[in-house]
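K.L.:
I have a structure I would like to understand better, so I am pasting it below and will then ask my questions one at a time.
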Amino acid sequence: MNVKVLGNVSNKEREKIIQLIATAGKLSRSDGTVSTVFESNSDYEKNVKLIQRILKSGHRSIAEHDYLVFALEDVTPIVEQTMINHRLASFTVKSRRNVDFRNVGFYTPNFMNNNGNVLVNNEALQFLYNKSMIELFNKYGELVDRGLPFEDCRYILPYSYHSNFIMGCDVNVLFRVIGDLLYGKESKITELKELGLILTDIIEELVPYLMETLERESKRGYYEDKLDFLDNEILDAGINIDNELLSNVNMIEYTKYPDLLVLCHLIKRRKRVSFYEAQEILYKLIDKNPSIAREMMQGLLHSKKQRELEQVNFTFEMPISLAVLTHITRHRMQSLEVPDFVPMWNLDDYIVPESIKNTCNEEFKEIFANNKKLVDFFKKKGVRDEDLIYFYLSGNACNISTTMNGRTLEWISRMRCCNKAQWEIRDLINACVEKVKDVAPLIGEGLGPTCRVEGYCPEGTDSCNNRGVVFKKVK
C-alpha cells in the first residue's frame with residue numbers, strides 16, 4: 001500500500017490554509033470584512049490553537065475549507081469500496097472494464113483467529129492462499145486471451161487484487177474516514193487499520209489542528225456495536241435466515257402520487273402559493289387542458305433547475321455483484337445500504353456474464369465452487385472472517401437497497417441506461433426505470449439514456465449510434 005498527498009502541500013501553503021480556517025472560525029464574532037479578519041489572523045500558532053478550541057466545542061464545519069487529494073496505490077477493492085461509501089468524498093478509479101488486470105498484483109494478509117492473534121500455521125495458509133490467487137489471475141488471463149471482454153473476465157478476479165484510485169475530500173470528511181478506520185468495525189480489517197494509521201501520520205504533519213480532536217474520538221462510545229444483541233435474539237427465536245439472492249429488482253417503497261406531487265410543487269414555487277392551493281390550480285388547469293400535466297412535466301424534465309423532482313423518493317432492492325458495486329456506490333445523492341464484508345456472504349451467490357454462459361459456463365462454476373471449498377477449509381483452520389474477505393470473487397453478489405429522489409434517479413438513468421454502460425448495472429437501472437414508469441408515468445418519460453430523452457448523444461465519436469441520434473459536437 002502506498003498513500004501520498006497530491007498537489008501543492010508546501011509549508012507556506014499549509015500555513016495560509018490554516019489561516020483561512022481560523023478566519024472561518026473567527027468571522028461570525030468579528031467586525032469587518034472577510035479580508036480584514038483574514039489579514040488579522042497572521043500568527044500560525046494562535047491560528048492552530050483557535051481552530052483546536054472551536055473543534056473541541058464540536059463545530060467541525062470550518063475544517064471543510066481544508067481540502068486534500070490522495071493517491072491510493074496498490075490497495076485492494078476492499079479499501080476502494082470502504083472509501084467510496086463515504087458519500088462526500090470524490091473518487092476517480094482505474095477501470096476494470098478497459099484494463100488488463102492479470103499483472104496488477106494482490107494483497108496477502110496475515111491470517112488471524114477471532115482474537116486477532118496470528119495463527120501458528122500462518123505461513124502454510126499464506127502459501128495455499130497465494131497459490132490460489134495466482135491460479136485465479138492465470139485463469140483470468142486465459143479468458144482474456146480467448147477474446148472474452150475484460151469486463152466479463154474480471155468476474156473471477158479475487159478481491160485481493162491491487163486497485164489504484166484518487167480520493168479528494170475536505171478535512172471534516174477525512175476526520176470521519178480516519179475515525180471509522182481506526183476505531184470502527186473497519187479497524188478489525190488489517191488493511192483498513194493500516195490505511196487509517198497512514199492517514200493519521202499525514203494529518204499529523206499537514207493538519208496538526210485535527211490531532212487533538214481525533215485523539216478524543218477514540219473514547220467515543222458510538223463506535224461500539226450497540227446492536228450485537230440482535231444476532232442472539234434472532235438465534236434464540238429459532239428464525240432461519242436463508243440469505244437468498246434476489247432474482248430481480250424490487251421497488252419496495254415510493255412516494256404516493258409522485259407525478260401529482262411534483263407538479264403541485266412546480267406550481268407552488270412559481271406562484272408562491274400553499275401546496276393545497278397549488279393542487280386546486282392544477283386540477284383546474286387539467287379540466288381546461290388535459291395534456292397540460294405532461295407539458296408541465298416535460299418542461300421541468302428539460303430544465304436545469306429540477307428541485308421539484310427531489311420531493312419524491314423511490315426505494316429499490318436489487319442483487320448486484322462486487323464487480324459493479326462501485327458503479328452505483330459512486331453516485332452520492334442517494335441513501336445506499338450495502339451489507340458489510342463481514343460476516344462473510346454466501347459464496348454460492350454470484351453473477352454469470354452472458355459471454356461466459358455461452359463459452360465456458362461449467363468452467364466458471366467450478367472456479368466459484370473450488371474457491372468456496374478453500375474458504376471453508378480456511379475457516380476450519382480458525383481463520384477469522386476479516387482475513388477471508390480477500391477470497392471474495394468479483395462475481396460474488398449480495399442484495400443492496402437504495403432510496404433515490406426523482407432527480408437522482410434521472411441523473412443515474414442518463415449514465416447507466418446508456419448502451420455504453422456496463423451491462424449488469426444497465427440491466428439493474430433499466431429495471432428501476434420500468435418500475436417507476438408504472439407508478440409515475442410522467443416522470444418516467446424523463447428517465448433513460450440521454451439519446452432517448454434528450455435526442456442527442458454526449459459520447460461524441462464513442463457513441464453507439466443508437467437510434468440515429470445526432471452527436472453533440474464539443475469544440
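Ordering of the C-alpha cells sets the chain letters (A, B, ...), residue numbers begin anew at 1 in every chain, and ligands are numbered from 1 in the order given.
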Any idea what's packed within 6 Å of range 439-452 of chain A, counting only C-alpha atoms, ignoring anything in its chain fewer than 5 positions away? Could you give it as a ChimeraX atom specification?
P.N.:
/A:258-259,301,410,413-414,417-418,457
K.L.:
I need the residues from that last selection saved to file as a PDB file, in the first residue's frame (with N, CA, C and O atoms), if you can.
P.N.:
```
ATOM      1  N   PRO A 258     -46.550  10.379  -7.119  1.00  0.00           N
ATOM      2  CA  PRO A 258     -45.333  11.165  -7.389  1.00  0.00           C
ATOM      3  C   PRO A 258     -45.506  12.212  -8.480  1.00  0.00           C
ATOM      4  O   PRO A 258     -45.022  13.343  -8.337  1.00  0.00           O
ATOM      5  N   ASP A 259     -46.183  11.863  -9.583  1.00  0.00           N
ATOM      6  CA  ASP A 259     -46.382  12.856 -10.651  1.00  0.00           C
ATOM      7  C   ASP A 259     -47.147  14.063 -10.130  1.00  0.00           C
ATOM      8  O   ASP A 259     -46.764  15.226 -10.359  1.00  0.00           O
ATOM      9  N   LEU A 301     -38.562  18.445 -16.844  1.00  0.00           N
ATOM     10  CA  LEU A 301     -37.539  17.441 -17.114  1.00  0.00           C
ATOM     11  C   LEU A 301     -36.438  17.970 -18.023  1.00  0.00           C
ATOM     12  O   LEU A 301     -35.310  17.481 -17.985  1.00  0.00           O
ATOM     13  N   GLU A 410     -33.097  10.319 -12.229  1.00  0.00           N
ATOM     14  CA  GLU A 410     -32.986  10.828 -13.602  1.00  0.00           C
ATOM     15  C   GLU A 410     -31.522  10.876 -14.030  1.00  0.00           C
ATOM     16  O   GLU A 410     -31.158  10.436 -15.121  1.00  0.00           O
ATOM     17  N   SER A 413     -30.011   7.355 -14.399  1.00  0.00           N
ATOM     18  CA  SER A 413     -30.509   6.676 -15.592  1.00  0.00           C
ATOM     19  C   SER A 413     -29.838   7.204 -16.856  1.00  0.00           C
ATOM     20  O   SER A 413     -29.660   6.464 -17.827  1.00  0.00           O
ATOM     21  N   ARG A 414     -29.460   8.481 -16.870  1.00  0.00           N
ATOM     22  CA  ARG A 414     -28.753   9.030 -18.031  1.00  0.00           C
ATOM     23  C   ARG A 414     -27.462   8.244 -18.288  1.00  0.00           C
ATOM     24  O   ARG A 414     -27.130   7.900 -19.425  1.00  0.00           O
ATOM     25  N   CYS A 417     -28.287   3.761 -18.099  1.00  0.00           N
ATOM     26  CA  CYS A 417     -29.138   3.122 -19.109  1.00  0.00           C
ATOM     27  C   CYS A 417     -28.516   3.230 -20.499  1.00  0.00           C
ATOM     28  O   CYS A 417     -29.043   2.667 -21.463  1.00  0.00           O
ATOM     29  N   CYS A 418     -27.424   3.937 -20.593  1.00  0.00           N
ATOM     30  CA  CYS A 418     -26.713   4.101 -21.867  1.00  0.00           C
ATOM     31  C   CYS A 418     -26.168   2.750 -22.336  1.00  0.00           C
ATOM     32  O   CYS A 418     -25.745   1.921 -21.530  1.00  0.00           O
ATOM     33  N   CYS A 457     -26.487  12.405 -28.338  1.00  0.00           N
ATOM     34  CA  CYS A 457     -25.546  11.569 -27.582  1.00  0.00           C
ATOM     35  C   CYS A 457     -24.353  12.402 -27.161  1.00  0.00           C
ATOM     36  O   CYS A 457     -23.727  13.060 -28.000  1.00  0.00           O
TER      37      CYS A 457
END
```
K.L.:
Skipping near chain neighbours, those fewer than 2 positions away, what residues fall within 12 Å of range 222-229 of chain A using only C-alpha atoms, listed as number ranges by chain?
P.N.:
A: 176, 179-187, 217-220, 231-236
K.L.:
Create the file for the chosen residues now, containing N, CA, C and O atoms and written as an mmCIF file, in the first residue's frame.
P.N.:
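Just written: part-v7.cif:
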```
data_model
loop_
_atom_site.group_PDB
_atom_site.id
_atom_site.type_symbol
_atom_site.label_atom_id
_atom_site.label_comp_id
_atom_site.auth_asym_id
_atom_site.auth_seq_id
_atom_site.Cartn_x
_atom_site.Cartn_y
_atom_site.Cartn_z
ATOM 1 N N ARG A 176 -13.870 11.882 9.651
ATOM 2 C CA ARG A 176 -14.829 10.780 9.779
ATOM 3 C C ARG A 176 -14.248 9.490 9.215
ATOM 4 O O ARG A 176 -14.441 8.399 9.762
ATOM 5 N N GLY A 179 -11.587 8.184 11.653
ATOM 6 C CA GLY A 179 -12.246 7.669 12.855
ATOM 7 C C GLY A 179 -12.793 6.270 12.639
ATOM 8 O O GLY A 179 -12.623 5.372 13.477
ATOM 9 N N ASP A 180 -13.463 6.055 11.494
ATOM 10 C CA ASP A 180 -14.004 4.733 11.185
ATOM 11 C C ASP A 180 -12.893 3.703 11.023
ATOM 12 O O ASP A 180 -13.007 2.563 11.492
ATOM 13 N N LEU A 181 -11.823 4.079 10.329
ATOM 14 C CA LEU A 181 -10.735 3.135 10.071
ATOM 15 C C LEU A 181 -9.990 2.742 11.341
ATOM 16 O O LEU A 181 -9.533 1.600 11.475
ATOM 17 N N LEU A 182 -9.868 3.673 12.278
ATOM 18 C CA LEU A 182 -9.101 3.398 13.494
ATOM 19 C C LEU A 182 -9.939 2.791 14.610
ATOM 20 O O LEU A 182 -9.434 1.957 15.381
ATOM 21 N N TYR A 183 -11.200 3.184 14.702
ATOM 22 C CA TYR A 183 -11.988 2.812 15.883
ATOM 23 C C TYR A 183 -13.275 2.053 15.556
ATOM 24 O O TYR A 183 -13.875 1.454 16.453
ATOM 25 N N GLY A 184 -13.720 2.073 14.314
ATOM 26 C CA GLY A 184 -14.966 1.406 13.954
ATOM 27 C C GLY A 184 -14.761 -0.061 13.638
ATOM 28 O O GLY A 184 -13.669 -0.620 13.809
ATOM 29 N N LYS A 185 -15.807 -0.705 13.142
ATOM 30 C CA LYS A 185 -15.729 -2.129 12.806
ATOM 31 C C LYS A 185 -14.705 -2.375 11.709
ATOM 32 O O LYS A 185 -14.137 -3.466 11.604
ATOM 33 N N GLU A 186 -14.448 -1.345 10.875
ATOM 34 C CA GLU A 186 -13.448 -1.482 9.818
ATOM 35 C C GLU A 186 -12.051 -1.726 10.377
ATOM 36 O O GLU A 186 -11.190 -2.297 9.710
ATOM 37 N N SER A 187 -11.800 -1.290 11.616
ATOM 38 C CA SER A 187 -10.462 -1.397 12.205
ATOM 39 C C SER A 187 -10.037 -2.842 12.419
ATOM 40 O O SER A 187 -8.850 -3.122 12.596
ATOM 41 N N GLU A 217 -11.663 11.286 19.814
ATOM 42 C CA GLU A 217 -12.627 10.445 19.112
ATOM 43 C C GLU A 217 -12.518 8.978 19.546
ATOM 44 O O GLU A 217 -13.494 8.240 19.531
ATOM 45 N N SER A 218 -11.316 8.548 19.931
ATOM 46 C CA SER A 218 -11.112 7.153 20.314
ATOM 47 C C SER A 218 -11.921 6.769 21.543
ATOM 48 O O SER A 218 -12.169 5.586 21.786
ATOM 49 N N LYS A 219 -12.347 7.762 22.295
ATOM 50 C CA LYS A 219 -13.098 7.491 23.528
ATOM 51 C C LYS A 219 -14.609 7.544 23.305
ATOM 52 O O LYS A 219 -15.378 7.362 24.232
ATOM 53 N N ARG A 220 -15.028 7.813 22.079
ATOM 54 C CA ARG A 220 -16.457 7.898 21.780
ATOM 55 C C ARG A 220 -17.100 6.515 21.843
ATOM 56 O O ARG A 220 -16.586 5.547 21.280
ATOM 57 N N ASP A 231 -28.254 -10.408 17.030
ATOM 58 C CA ASP A 231 -27.886 -11.714 16.491
ATOM 59 C C ASP A 231 -28.337 -12.831 17.424
ATOM 60 O O ASP A 231 -28.875 -13.857 16.983
ATOM 61 N N ASN A 232 -28.120 -12.633 18.731
ATOM 62 C CA ASN A 232 -28.529 -13.646 19.706
ATOM 63 C C ASN A 232 -30.051 -13.763 19.786
ATOM 64 O O ASN A 232 -30.599 -14.856 19.952
ATOM 65 N N GLU A 233 -30.744 -12.618 19.685
ATOM 66 C CA GLU A 233 -32.199 -12.636 19.735
ATOM 67 C C GLU A 233 -32.774 -13.436 18.560
ATOM 68 O O GLU A 233 -33.712 -14.225 18.728
ATOM 69 N N ILE A 234 -32.212 -13.238 17.388
ATOM 70 C CA ILE A 234 -32.679 -13.974 16.206
ATOM 71 C C ILE A 234 -32.393 -15.461 16.364
ATOM 72 O O ILE A 234 -33.235 -16.315 16.040
ATOM 73 N N LEU A 235 -31.212 -15.771 16.906
ATOM 74 C CA LEU A 235 -30.843 -17.175 17.122
ATOM 75 C C LEU A 235 -31.767 -17.835 18.145
ATOM 76 O O LEU A 235 -32.259 -18.950 17.937
ATOM 77 N N ASP A 236 -32.004 -17.133 19.256
ATOM 78 C CA ASP A 236 -32.859 -17.678 20.312
ATOM 79 C C ASP A 236 -34.297 -17.865 19.834
ATOM 80 O O ASP A 236 -35.020 -18.745 20.317
#
```
K.L.:
Between CA of Glu434 in chain A and CA of Leu309 in chain A, measure the distance and give it in Å to one decimal.
P.N.:
17.2 Å
K.L.:
Please run DSSP on the backbone and report, as an NGL selection string, all residues within range 231-448 of chain A that come out as alpha helix (DSSP H).
P.N.:
:A and (231-236 or 258-271 or 275-288 or 292-301 or 322-329 or 354-357 or 361-380 or 385-388 or 406-416 or 423-439 or 441-444)
K.L.:
One decimal, Å: what's the distance from CA of Asp170 in chain A over to CA of Leu195 in chain A, could you say?
P.N.:
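Those two atoms sit 17.3 Å apart.
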K.L.:
Within 7 Å of range 70-79 of chain A, counting only C-alpha atoms, which residues qualify if same-chain residues fewer than 3 places away don't, as a ChimeraX atom specification?
P.N.:
/A:1-6,82-83,107,159-168,192
K.L.:
Print the selection's residues with C-alpha atoms to a file, as a PDB file, in the first residue's frame.
P.N.:
```pdb
ATOM      1  CA  MET A   1       0.000   0.000   0.000  1.00  0.00           C
ATOM      2  CA  ASN A   2       1.251   3.443  -0.930  1.00  0.00           C
ATOM      3  CA  VAL A   3      -0.627   6.608   0.063  1.00  0.00           C
ATOM      4  CA  LYS A   4       0.532  10.102  -0.777  1.00  0.00           C
ATOM      5  CA  VAL A   5      -0.887  13.596  -0.996  1.00  0.00           C
ATOM      6  CA  LEU A   6      -1.111  15.106  -4.468  1.00  0.00           C
ATOM      7  CA  THR A  82     -14.942   1.258   2.012  1.00  0.00           C
ATOM      8  CA  MET A  83     -13.716   4.699   0.953  1.00  0.00           C
ATOM      9  CA  TYR A 107      -2.615  -8.440  -1.210  1.00  0.00           C
ATOM     10  CA  TYR A 159     -10.970  -9.156  -4.138  1.00  0.00           C
ATOM     11  CA  SER A 160      -7.300  -9.237  -3.213  1.00  0.00           C
ATOM     12  CA  TYR A 161      -6.201  -7.603  -6.468  1.00  0.00           C
ATOM     13  CA  HIS A 162      -4.439  -4.254  -6.370  1.00  0.00           C
ATOM     14  CA  SER A 163      -6.517  -1.243  -7.272  1.00  0.00           C
ATOM     15  CA  ASN A 164      -5.424   2.363  -7.711  1.00  0.00           C
ATOM     16  CA  PHE A 165      -7.557   5.440  -7.251  1.00  0.00           C
ATOM     17  CA  ILE A 166      -7.548   9.135  -6.426  1.00  0.00           C
ATOM     18  CA  MET A 167      -9.565  10.392  -3.460  1.00  0.00           C
ATOM     19  CA  GLY A 168     -10.288  14.016  -2.639  1.00  0.00           C
ATOM     20  CA  LEU A 192      -8.081  -0.755   6.630  1.00  0.00           C
TER      21      LEU A 192
END
```
K.L.:
Would you mind telling me which residue in A:Lys131, A:Lys288, A:Arg154, A:Lys26 lies nearest to Leu393 in chain A when using only C-alpha atoms?
P.N.:
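Between A:Lys131, A:Lys288, A:Arg154, A:Lys26, the residue approaching Leu393 in chain A most closely is A:Arg154.
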K.L.:
Quick one: which range 35-152 of chain A residues come within 10 Å of range 340-364 of chain A, and what is the nearest atom pair for each with the distance in Å to one decimal, counting only C-alpha atoms, rows ordered by chain and ascending number, as a Markdown table?
P.N.:
```
| residue | atom | partner | partner_atom | distance |
| --- | --- | --- | --- | --- |
| A:Ile78 | CA | A:Phe341 | CA | 8.3 |
| A:Gln81 | CA | A:Phe341 | CA | 10.0 |
| A:Thr82 | CA | A:Asp340 | CA | 9.4 |
| A:Lys139 | CA | A:Phe364 | CA | 9.8 |
| A:Leu143 | CA | A:Ile356 | CA | 9.1 |
| A:Arg146 | CA | A:Thr359 | CA | 9.8 |
| A:Leu148 | CA | A:Ser355 | CA | 7.1 |
| A:Pro149 | CA | A:Ser355 | CA | 8.1 |
| A:Glu151 | CA | A:Pro353 | CA | 9.1 |
| A:Asp152 | CA | A:Pro353 | CA | 5.9 |
```
K.L.:
Find the residues around range 198-209 of chain A up to 10 Å (only C-alpha atoms counted), leave out those fewer than 3 positions away in its own chain, and share them as a ChimeraX atom specification.
P.N.:
/A:1-5,9-11,14-15,17-18,45,47-53,55,63,66,68,70,171,174-175,177-179,181-182,192-195,212-214
K.L.:
Could those selected residues go to a file with N, CA, C and O atoms, as a compact mmCIF listing (two decimals), in the first residue's frame?
P.N.:
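Final output, saved to again-v8.txt:
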```
# COMPACT_ATOMS: atom_id res chain seq x y z
N MET A 1 0.84 -1.20 0.00
CA MET A 1 0.00 0.00 0.00
C MET A 1 0.88 1.25 0.00
O MET A 1 1.84 1.35 0.75
N ASN A 2 0.53 2.18 -0.88
CA ASN A 2 1.25 3.44 -0.93
C ASN A 2 0.23 4.58 -0.97
O ASN A 2 -0.64 4.60 -1.85
N VAL A 3 0.31 5.49 -0.02
CA VAL A 3 -0.63 6.61 0.06
C VAL A 3 0.17 7.90 0.09
O VAL A 3 1.08 8.05 0.91
N LYS A 4 -0.16 8.82 -0.79
CA LYS A 4 0.53 10.10 -0.78
C LYS A 4 -0.43 11.22 -1.14
O LYS A 4 -1.46 10.99 -1.80
N VAL A 5 -0.07 12.41 -0.71
CA VAL A 5 -0.89 13.60 -1.00
C VAL A 5 -0.45 14.19 -2.32
O VAL A 5 0.76 14.37 -2.56
N VAL A 9 1.64 21.10 -1.33
CA VAL A 9 1.49 20.98 0.12
C VAL A 9 2.71 21.58 0.83
O VAL A 9 3.16 21.08 1.85
N SER A 10 3.25 22.68 0.30
CA SER A 10 4.40 23.33 0.94
C SER A 10 3.97 23.91 2.29
O SER A 10 2.79 24.16 2.54
N ASN A 11 4.95 24.09 3.16
CA ASN A 11 4.66 24.63 4.50
C ASN A 11 3.98 26.00 4.41
O ASN A 11 3.06 26.29 5.18
N ARG A 14 0.35 25.52 3.45
CA ARG A 14 -0.43 24.97 4.54
C ARG A 14 -0.72 26.04 5.60
O ARG A 14 -1.81 26.08 6.17
N GLU A 15 0.24 26.90 5.86
CA GLU A 15 0.02 27.97 6.84
C GLU A 15 -1.10 28.91 6.37
O GLU A 15 -1.91 29.39 7.18
N ILE A 17 -3.62 28.04 4.45
CA ILE A 17 -4.89 27.32 4.59
C ILE A 17 -5.36 27.35 6.04
O ILE A 17 -6.54 27.55 6.33
N ILE A 18 -4.42 27.15 6.96
CA ILE A 18 -4.78 27.20 8.38
C ILE A 18 -5.24 28.60 8.78
O ILE A 18 -6.15 28.77 9.58
N GLU A 45 0.71 29.89 15.20
CA GLU A 45 0.46 29.15 16.45
C GLU A 45 -0.90 29.52 17.04
O GLU A 45 -1.65 28.65 17.51
N ASN A 47 -3.44 30.61 15.39
CA ASN A 47 -4.47 30.07 14.49
C ASN A 47 -4.76 28.61 14.80
O ASN A 47 -5.91 28.18 14.86
N VAL A 48 -3.68 27.84 15.02
CA VAL A 48 -3.85 26.41 15.33
C VAL A 48 -4.63 26.26 16.63
O VAL A 48 -5.57 25.45 16.73
N LYS A 49 -4.28 27.03 17.64
CA LYS A 49 -4.97 26.93 18.94
C LYS A 49 -6.43 27.36 18.83
O LYS A 49 -7.32 26.75 19.46
N LEU A 50 -6.69 28.40 18.03
CA LEU A 50 -8.07 28.85 17.84
C LEU A 50 -8.91 27.75 17.19
O LEU A 50 -10.03 27.46 17.63
N ILE A 51 -8.35 27.14 16.15
CA ILE A 51 -9.08 26.07 15.44
C ILE A 51 -9.33 24.90 16.38
O ILE A 51 -10.44 24.34 16.42
N GLN A 52 -8.33 24.52 17.15
CA GLN A 52 -8.48 23.40 18.09
C GLN A 52 -9.59 23.69 19.10
O GLN A 52 -10.37 22.80 19.46
N ARG A 53 -9.66 24.93 19.56
CA ARG A 53 -10.68 25.30 20.54
C ARG A 53 -12.08 25.20 19.93
O ARG A 53 -13.02 24.73 20.58
N LEU A 55 -12.94 23.30 17.30
CA LEU A 55 -13.22 21.88 17.04
C LEU A 55 -13.62 21.16 18.32
O LEU A 55 -14.48 20.27 18.31
N ALA A 63 -13.47 23.06 9.15
CA ALA A 63 -12.43 22.22 8.54
C ALA A 63 -12.78 21.84 7.10
O ALA A 63 -11.93 21.29 6.38
N ASP A 66 -10.62 23.11 4.24
CA ASP A 66 -9.31 22.49 4.02
C ASP A 66 -9.54 21.23 3.21
O ASP A 66 -10.30 20.35 3.61
N LEU A 68 -7.84 18.01 0.78
CA LEU A 68 -6.66 17.24 0.41
C LEU A 68 -7.03 16.22 -0.66
O LEU A 68 -8.13 15.68 -0.66
N PHE A 70 -5.62 12.61 -2.35
CA PHE A 70 -4.70 11.50 -2.09
C PHE A 70 -4.60 10.57 -3.29
O PHE A 70 -5.60 10.33 -4.00
N VAL A 171 -11.32 18.15 5.15
CA VAL A 171 -10.76 17.58 6.37
C VAL A 171 -11.84 17.09 7.33
O VAL A 171 -11.61 16.16 8.10
N LEU A 174 -12.47 13.75 6.05
CA LEU A 174 -11.28 12.95 6.35
C LEU A 174 -11.26 12.52 7.80
O LEU A 174 -10.88 11.39 8.13
N PHE A 175 -11.70 13.40 8.69
CA PHE A 175 -11.80 13.07 10.12
C PHE A 175 -12.74 11.88 10.33
O PHE A 175 -12.43 10.95 11.08
N VAL A 177 -13.55 9.61 8.09
CA VAL A 177 -12.92 8.43 7.47
C VAL A 177 -11.91 7.79 8.42
O VAL A 177 -11.95 6.59 8.69
N ILE A 178 -11.02 8.62 8.95
CA ILE A 178 -9.97 8.09 9.84
C ILE A 178 -10.58 7.51 11.11
O ILE A 178 -10.15 6.46 11.60
N GLY A 179 -11.59 8.18 11.65
CA GLY A 179 -12.25 7.67 12.86
C GLY A 179 -12.79 6.27 12.64
O GLY A 179 -12.62 5.37 13.48
N LEU A 181 -11.82 4.08 10.33
CA LEU A 181 -10.74 3.14 10.07
C LEU A 181 -9.99 2.74 11.34
O LEU A 181 -9.53 1.60 11.47
N LEU A 182 -9.87 3.67 12.28
CA LEU A 182 -9.10 3.40 13.49
C LEU A 182 -9.94 2.79 14.61
O LEU A 182 -9.43 1.96 15.38
N LEU A 192 -7.39 -2.02 6.38
CA LEU A 192 -8.08 -0.76 6.63
C LEU A 192 -7.49 -0.05 7.84
O LEU A 192 -7.36 1.18 7.84
N LYS A 193 -7.12 -0.79 8.85
CA LYS A 193 -6.47 -0.17 10.03
C LYS A 193 -5.13 0.45 9.62
O LYS A 193 -4.78 1.56 10.06
N GLU A 194 -4.41 -0.25 8.76
CA GLU A 194 -3.13 0.28 8.28
C GLU A 194 -3.33 1.59 7.53
O GLU A 194 -2.57 2.54 7.71
N LEU A 195 -4.37 1.64 6.70
CA LEU A 195 -4.67 2.88 5.97
C LEU A 195 -5.00 4.00 6.94
O LEU A 195 -4.55 5.15 6.77
N GLU A 212 -5.75 16.64 18.11
CA GLU A 212 -6.35 16.62 19.45
C GLU A 212 -7.78 16.11 19.39
O GLU A 212 -8.21 15.30 20.23
N THR A 213 -8.53 16.55 18.38
CA THR A 213 -9.91 16.11 18.21
C THR A 213 -9.97 14.62 17.86
O THR A 213 -10.84 13.88 18.35
N LEU A 214 -9.04 14.17 17.04
CA LEU A 214 -9.00 12.76 16.65
C LEU A 214 -8.69 11.87 17.84
O LEU A 214 -9.28 10.79 17.99
```
K.L.:
Rank nothing, just name the residue among A:Gly25, A:Gly460, A:Pro109, A:Gly221 nearest to Thr190 in chain A, using only C-alpha atoms.
P.N.:
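Ranking A:Gly25, A:Gly460, A:Pro109, A:Gly221 by distance to Thr190 in chain A, first place goes to A:Pro109.
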K.L.:
Could you check the closest approach to Glu64 in chain A for each of A:Cys153, A:Val34, A:Ile21, A:Ile189 and tell me which residue wins, using only C-alpha atoms?
P.N.:
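So, comparing all the options, the nearest one is A:Ile21.
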K.L.:
Show which residues sit within 9 Å of Cys464 in chain A, as a ChimeraX atom specification. Count only C-alpha atoms, and ignore same-chain residues fewer than 5 positions away.
P.N.:
/A:419-420,457,459
K.L.:
Please identify all polymer residues within 12 Å of Gly299 in chain A, counting only C-alpha atoms, omitting same-chain residues fewer than 2 positions from it, and present them as a list in words.
P.N.:
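That gives Leu263, Leu266, Ile292, Ala293, Arg294, Glu295, Met296, Met297, Leu301, His302, Ser303, Lys304, Lys305, Gln306, Glu308, Leu442, Ile443, Glu445 and Gly446 of chain A.
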K.L.:
Looking only at strand (DSSP E) from DSSP on the backbone, list the matching residues of range 330-464 of chain A as a count of residues only.
P.N.:
14
K.L.:
For Ser90 in chain A, which residue out of A:Gln422, A:Tyr67, A:Lys365, A:Ser30 is the nearest one, using only C-alpha atoms?
P.N.:
A:Tyr67
K.L.:
Between CA of Phe391 in chain A and CA of Asn371 in chain A, measure the distance and give it in Å to one decimal.
P.N.:
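Rounded to one decimal, the two atoms are 7.2 Å apart.
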K.L.:
Env of Tyr283 in chain A: 12 Å cut, atoms = only C-alpha atoms, seq-sep filter 6 positions within chain, self excluded. Answer as a ChimeraX atom specification.
P.N.:
/A:260,263-264,267,276-277,289-293
K.L.:
Between A:Trp423, A:Asn243, A:Arg270, A:Leu374, single out the one closest to Ala397 in chain A, counting only C-alpha atoms.
P.N.:
A:Asn243
